[in-house]
>>> print(open('work-v8.cif').read())   # mmCIF, C-alpha atoms and all ligand atoms
data_structure
loop_
_atom_site.label_atom_id
_atom_site.label_comp_id
_atom_site.auth_asym_id
_atom_site.auth_seq_id
_atom_site.Cartn_x
_atom_site.Cartn_y
_atom_site.Cartn_z
CA MET A 1 98.59 98.24 112.95
CA ASP A 2 97.47 100.72 115.60
CA PHE A 3 99.44 103.78 114.55
CA LYS A 4 98.35 105.71 117.64
CA GLU A 5 100.64 103.47 119.69
CA HIS A 6 103.55 104.98 117.78
CA ILE A 7 102.65 108.63 118.33
CA ARG A 8 103.80 110.31 121.52
CA ALA A 9 101.60 113.06 123.00
CA ILE A 10 103.57 115.66 124.93
CA PRO A 11 101.55 118.10 127.09
CA ASP A 12 102.32 121.83 127.21
CA PHE A 13 104.64 121.94 124.21
CA PRO A 14 105.61 124.37 122.69
CA LYS A 15 103.47 126.36 125.12
CA PRO A 16 101.09 125.69 128.02
CA GLY A 17 97.78 124.15 126.99
CA ILE A 18 99.03 122.58 123.72
CA LEU A 19 99.10 118.79 123.47
CA PHE A 20 101.89 118.18 120.97
CA TYR A 21 101.67 115.04 118.82
CA ASP A 22 105.26 113.94 118.31
CA ILE A 23 105.89 111.72 115.28
CA SER A 24 109.56 111.08 116.24
CA THR A 25 108.55 107.75 117.77
CA LEU A 26 106.77 106.71 114.56
CA LEU A 27 109.79 107.72 112.44
CA ALA A 28 112.11 105.79 114.75
CA HIS A 29 110.13 102.56 114.34
CA PRO A 30 111.07 101.07 110.95
CA THR A 31 108.08 98.74 110.55
CA ALA A 32 105.51 101.28 111.69
CA TRP A 33 107.01 104.03 109.55
CA ARG A 34 107.11 101.82 106.47
CA ALA A 35 103.46 100.83 107.07
CA MET A 36 102.50 104.51 107.45
CA VAL A 37 104.24 105.49 104.20
CA GLU A 38 102.52 102.59 102.43
CA GLU A 39 99.11 103.57 103.82
CA LEU A 40 99.61 107.19 102.76
CA ALA A 41 100.79 106.04 99.33
CA ALA A 42 97.63 103.94 98.89
CA ALA A 43 95.47 106.91 99.92
CA ILE A 44 97.03 109.44 97.56
CA ARG A 45 97.86 107.22 94.55
CA PRO A 46 94.27 107.36 93.17
CA HIS A 47 94.64 111.16 92.84
CA ARG A 48 97.42 110.55 90.30
CA PRO A 49 99.84 113.18 91.61
CA GLU A 50 102.78 114.40 89.54
CA LEU A 51 104.34 116.45 92.32
CA LEU A 52 104.22 116.17 96.11
CA VAL A 53 104.65 119.35 98.11
CA GLY A 54 105.86 119.10 101.72
CA ILE A 55 105.24 121.86 104.25
CA GLU A 56 108.22 122.80 106.44
CA SER A 57 109.43 121.02 108.33
CA ARG A 58 107.80 117.75 109.28
CA GLY A 59 105.83 117.78 106.04
CA PHE A 60 109.17 117.17 104.27
CA LEU A 61 109.56 113.91 106.19
CA VAL A 62 106.16 112.79 104.96
CA ALA A 63 106.32 113.98 101.36
CA ALA A 64 109.87 112.94 100.46
CA PRO A 65 109.55 109.15 100.97
CA LEU A 66 106.11 109.22 99.33
CA ALA A 67 107.47 111.02 96.27
CA TYR A 68 110.18 108.36 96.04
CA ALA A 69 107.62 105.54 96.45
CA LEU A 70 105.16 106.96 93.92
CA GLY A 71 107.75 108.16 91.40
CA CYS A 72 106.68 111.81 91.75
CA GLY A 73 108.64 114.99 92.06
CA PHE A 74 109.00 116.67 95.43
CA ALA A 75 108.94 120.38 96.26
CA MET A 76 109.26 122.37 99.46
CA VAL A 77 107.01 125.03 100.93
CA ARG A 78 109.16 126.84 103.49
CA LYS A 79 108.95 129.70 105.96
CA LYS A 80 110.08 132.91 104.28
CA GLY A 81 113.74 133.58 103.67
CA LYS A 82 115.00 130.01 103.51
CA LEU A 83 114.79 129.18 99.80
CA PRO A 84 117.42 130.43 97.34
CA GLY A 85 116.66 132.01 93.98
CA LYS A 86 113.36 133.50 92.85
CA THR A 87 110.46 132.70 95.14
CA THR A 88 106.83 133.63 95.61
CA ARG A 89 105.39 134.33 99.07
CA TYR A 90 101.99 133.90 100.63
CA THR A 91 101.01 135.59 103.88
CA TYR A 92 98.18 134.24 106.02
CA ASP A 93 96.54 135.09 109.33
CA LEU A 94 97.34 133.33 112.58
CA GLU A 95 95.45 133.64 115.86
CA TYR A 96 97.86 136.47 116.70
CA GLY A 97 99.61 138.10 113.75
CA THR A 98 100.55 136.60 110.41
CA ASP A 99 102.94 134.06 108.91
CA THR A 100 104.55 133.92 105.48
CA ILE A 101 105.46 130.85 103.45
CA GLU A 102 107.15 130.63 100.10
CA VAL A 103 107.99 128.35 97.21
CA GLN A 104 110.62 128.57 94.46
CA ASP A 105 109.16 130.03 91.26
CA ASP A 106 110.18 127.09 89.09
CA ALA A 107 109.02 124.41 91.55
CA ILE A 108 105.51 124.00 90.17
CA SER A 109 104.54 123.83 86.50
CA PRO A 110 101.21 125.23 85.31
CA GLY A 111 98.54 122.54 85.40
CA GLN A 112 100.72 120.07 87.30
CA ARG A 113 98.73 117.74 89.59
CA VAL A 114 99.93 118.37 93.12
CA ILE A 115 99.26 116.84 96.52
CA VAL A 116 100.18 118.88 99.59
CA LEU A 117 101.46 117.03 102.67
CA ASP A 118 102.08 117.82 106.30
CA ASP A 119 102.47 115.75 109.44
CA LEU A 120 99.37 117.11 111.15
CA ILE A 121 96.34 119.27 110.48
CA ALA A 122 94.94 121.29 113.38
CA THR A 123 93.00 124.46 112.44
CA GLY A 124 93.91 123.90 108.80
CA GLY A 125 95.43 127.37 108.40
CA THR A 126 98.86 126.07 107.36
CA MET A 127 97.41 123.58 104.87
CA ARG A 128 95.04 126.19 103.41
CA ALA A 129 97.92 128.61 102.92
CA ALA A 130 100.12 126.00 101.24
CA ILE A 131 97.28 124.99 98.89
CA ALA A 132 96.63 128.64 98.03
CA LEU A 133 100.33 129.17 97.30
CA VAL A 134 100.48 126.13 95.00
CA GLU A 135 97.32 127.28 93.20
CA GLN A 136 98.74 130.79 92.86
CA GLN A 137 101.71 129.18 91.05
CA GLY A 138 99.37 127.47 88.59
CA GLY A 139 99.39 124.00 90.18
CA THR A 140 96.22 121.92 90.34
CA VAL A 141 95.88 120.67 93.90
CA ALA A 142 94.23 117.26 93.66
CA ALA A 143 94.26 116.52 97.40
CA ALA A 144 95.90 117.15 100.75
CA ALA A 145 97.14 114.47 103.12
CA CYS A 146 98.60 114.17 106.58
CA ILE A 147 99.41 111.60 109.21
CA ILE A 148 97.31 113.13 112.01
CA GLU A 149 94.05 115.08 111.95
CA LEU A 150 92.80 116.90 115.05
CA ALA A 151 89.21 116.48 113.88
CA PHE A 152 87.69 118.50 116.74
CA LEU A 153 89.33 121.64 115.30
CA GLN A 154 87.50 121.07 112.00
CA GLY A 155 90.44 122.13 109.84
CA ARG A 156 89.16 119.92 107.02
CA ARG A 157 85.95 121.98 106.74
CA ASP A 158 87.56 124.96 105.01
CA LEU A 159 89.82 123.04 102.62
CA ASN A 160 88.85 123.25 98.95
CA VAL A 161 90.32 119.79 98.23
CA PRO A 162 89.81 116.28 99.69
CA LEU A 163 91.92 115.49 102.76
CA ALA A 164 93.33 112.05 103.57
CA ALA A 165 94.31 111.58 107.24
CA MET A 166 95.72 108.32 108.58
CA ILE A 167 95.10 108.95 112.31
CA THR A 168 92.25 110.99 113.80
CA TYR A 169 91.88 112.42 117.28
CA ASP A 170 88.34 113.46 118.16
CA ARG A 171 89.22 115.46 121.25
P1 LIG A 201 97.25 124.39 111.74
O1 LIG A 201 97.74 125.46 110.80
O2 LIG A 201 96.52 124.97 112.93
O3 LIG A 201 96.45 123.34 111.04
O4 LIG A 201 98.54 123.71 112.36
C1 LIG A 201 99.21 122.72 111.65
C2 LIG A 201 100.70 122.90 111.68
O5 LIG A 201 101.18 123.14 113.00
C3 LIG A 201 101.41 121.66 111.21
O6 LIG A 201 102.55 122.03 110.44
C4 LIG A 201 101.79 120.92 112.48
O7 LIG A 201 103.07 120.33 112.36
C5 LIG A 201 101.77 121.98 113.56
N1 LIG A 201 100.92 121.61 114.71
C6 LIG A 201 99.79 122.24 115.11
N2 LIG A 201 99.27 121.69 116.20
C7 LIG A 201 100.08 120.65 116.53
C8 LIG A 201 100.06 119.64 117.57
N3 LIG A 201 99.09 119.62 118.50
N4 LIG A 201 101.04 118.72 117.59
C9 LIG A 201 102.03 118.74 116.63
N5 LIG A 201 102.09 119.65 115.64
C10 LIG A 201 101.14 120.60 115.58
#
>>> encode(input="work-v8.cif", output="structure tokens")
Amino acid sequence: MDFKEHIRAIPDFPKPGILFYDISTLLAHPTAWRAMVEELAAAIRPHRPELLVGIESRGFLVAAPLAYALGCGFAMVRKKGKLPGKTTRYTYDLEYGTDTIEVQDDAISPGQRVIVLDDLIATGGTMRAAIALVEQQGGTVAAAACIIELAFLQGRRDLNVPLAAMITYDR
């Protein structure tokens, strides 16, 4: 299956100069979405995850069906202020300013084998931050995975874990 046929590229969203890769069309196509989940499952299964962590918000759409398929737990990394109860935050640098993500304190057990998932990796800043947060909580991050990798931005280069990407754009 050519998954690229199921991804819609929208120019100048959310701001001028950004080519936004919209996975809505993939999610809306039952056969393509099932095939994508199965391909991701095959890629991450060898890492023997116990817990899948999804990054808000499209990472939830990727991690939740995979956790169900693989029989793993699922946990959320969210933007600050959205999770109830005790949480731990991690602040990271953006091109302009900073961003803060958080996880619930009881979401990750020490030594638990975790895979972090998002829809897309661009510069890798979001994925790096989520991995750092999971590690800070005592999790062992076995791998990261995503549907789309913008390889020309070299986000993979600065990850400290292997990255599985199902679709790659080279420019
Ligand atoms: P980055 O931290 O630069 O790797 O950006 C990755 C995060 O931003 C992911 O959560 C993506 O959902 C989102 N993102 C960045 N660039 C794009 C893009 N061109 N199309 C869709 N989502 C994007």
>>> residues_around(input="work-v8.cif", residues="His6 of chain A", least_positions_apart="3", cutoff="8 Å", atoms="only C-alpha atoms", output="list in words")
Asp2, Phe3, Ile23, Thr25, Leu26, His29 and Ala32 of chain A
>>> residues_around(input="work-v8.cif", residues="segment 149-161 of chain A", least_positions_apart="2", cutoff="8 Å", atoms="all atoms listed in the file", output="list in words")
Leu120, Ile121, Ala122, Thr123, Gly124, Gly125, Met127, Arg128, Val141, Ala142, Ala143, Ala144, Cys146, Ile147, Leu163, Ala165, Met166, Ile167, Thr168, Tyr169, Asp170 and Arg171 of chain A
>>> closest_residue(input="work-v8.cif", among="A:Gly139, A:Tyr90, A:Ala164, A:Glu95", to="Asp118 of chain A", atoms="all atoms listed in the file")
A:Ala164
>>> closest_residue(input="work-v8.cif", among="A:Arg8, A:Arg34, A:Arg48, A:Arg89", to="Gln112 of chain A", atoms="all atoms listed in the file")
A:Arg48
>>> closest_residue(input="work-v8.cif", among="A:Thr98, A:Ser24, A:Ser57, A:Gln104", to="ligand LIG 201 (chain A)", atoms="only C-alpha atoms and all ligand atoms")
A:Ser57
>>> atom_distance(input="work-v8.cif", atom1="atom CA of Leu83 of chain A", atom2="atom C5 of ligand LIG 201 (chain A)")
20.3 Å
>>> closest_residue(input="work-v8.cif", among="A:Cys72, A:Ile101, A:Ala28, A:Ile148", to="Arg113 of chain A", atoms="only C-alpha atoms")
A:Cys72
>>> atom_distance(input="work-v8.cif", atom1="atom CA of Gln137 of chain A", atom2="atom C4 of ligand LIG 201 (chain A)")
23.0 Å
>>> axis_aligned_box(input="work-v8.cif", around="ligand LIG 201 (chain A)", padding_each_side="3 Å", output="JSON")
{"center_x": 99.8, "center_y": 122.1, "center_z": 114.5, "size_x": 12.6, "size_y": 12.7, "size_z": 14.1}
>>> atom_distance(input="work-v8.cif", atom1="atom N4 of ligand LIG 201 (chain A)", atom2="atom CA of Thr126 of chain A")
12.8 Å
>>> closest_residue(input="work-v8.cif", among="A:His47, A:Lys4, A:Arg58, A:Lys79", to="ligand LIG 201 (chain A)", atoms="all atoms listed in the file")
A:Arg58
>>> closest_residue(input="work-v8.cif", among="A:Lys80, A:Val53, A:Ala43, A:Leu117", to="ligand LIG 201 (chain A)", atoms="all atoms listed in the file")
A:Leu117
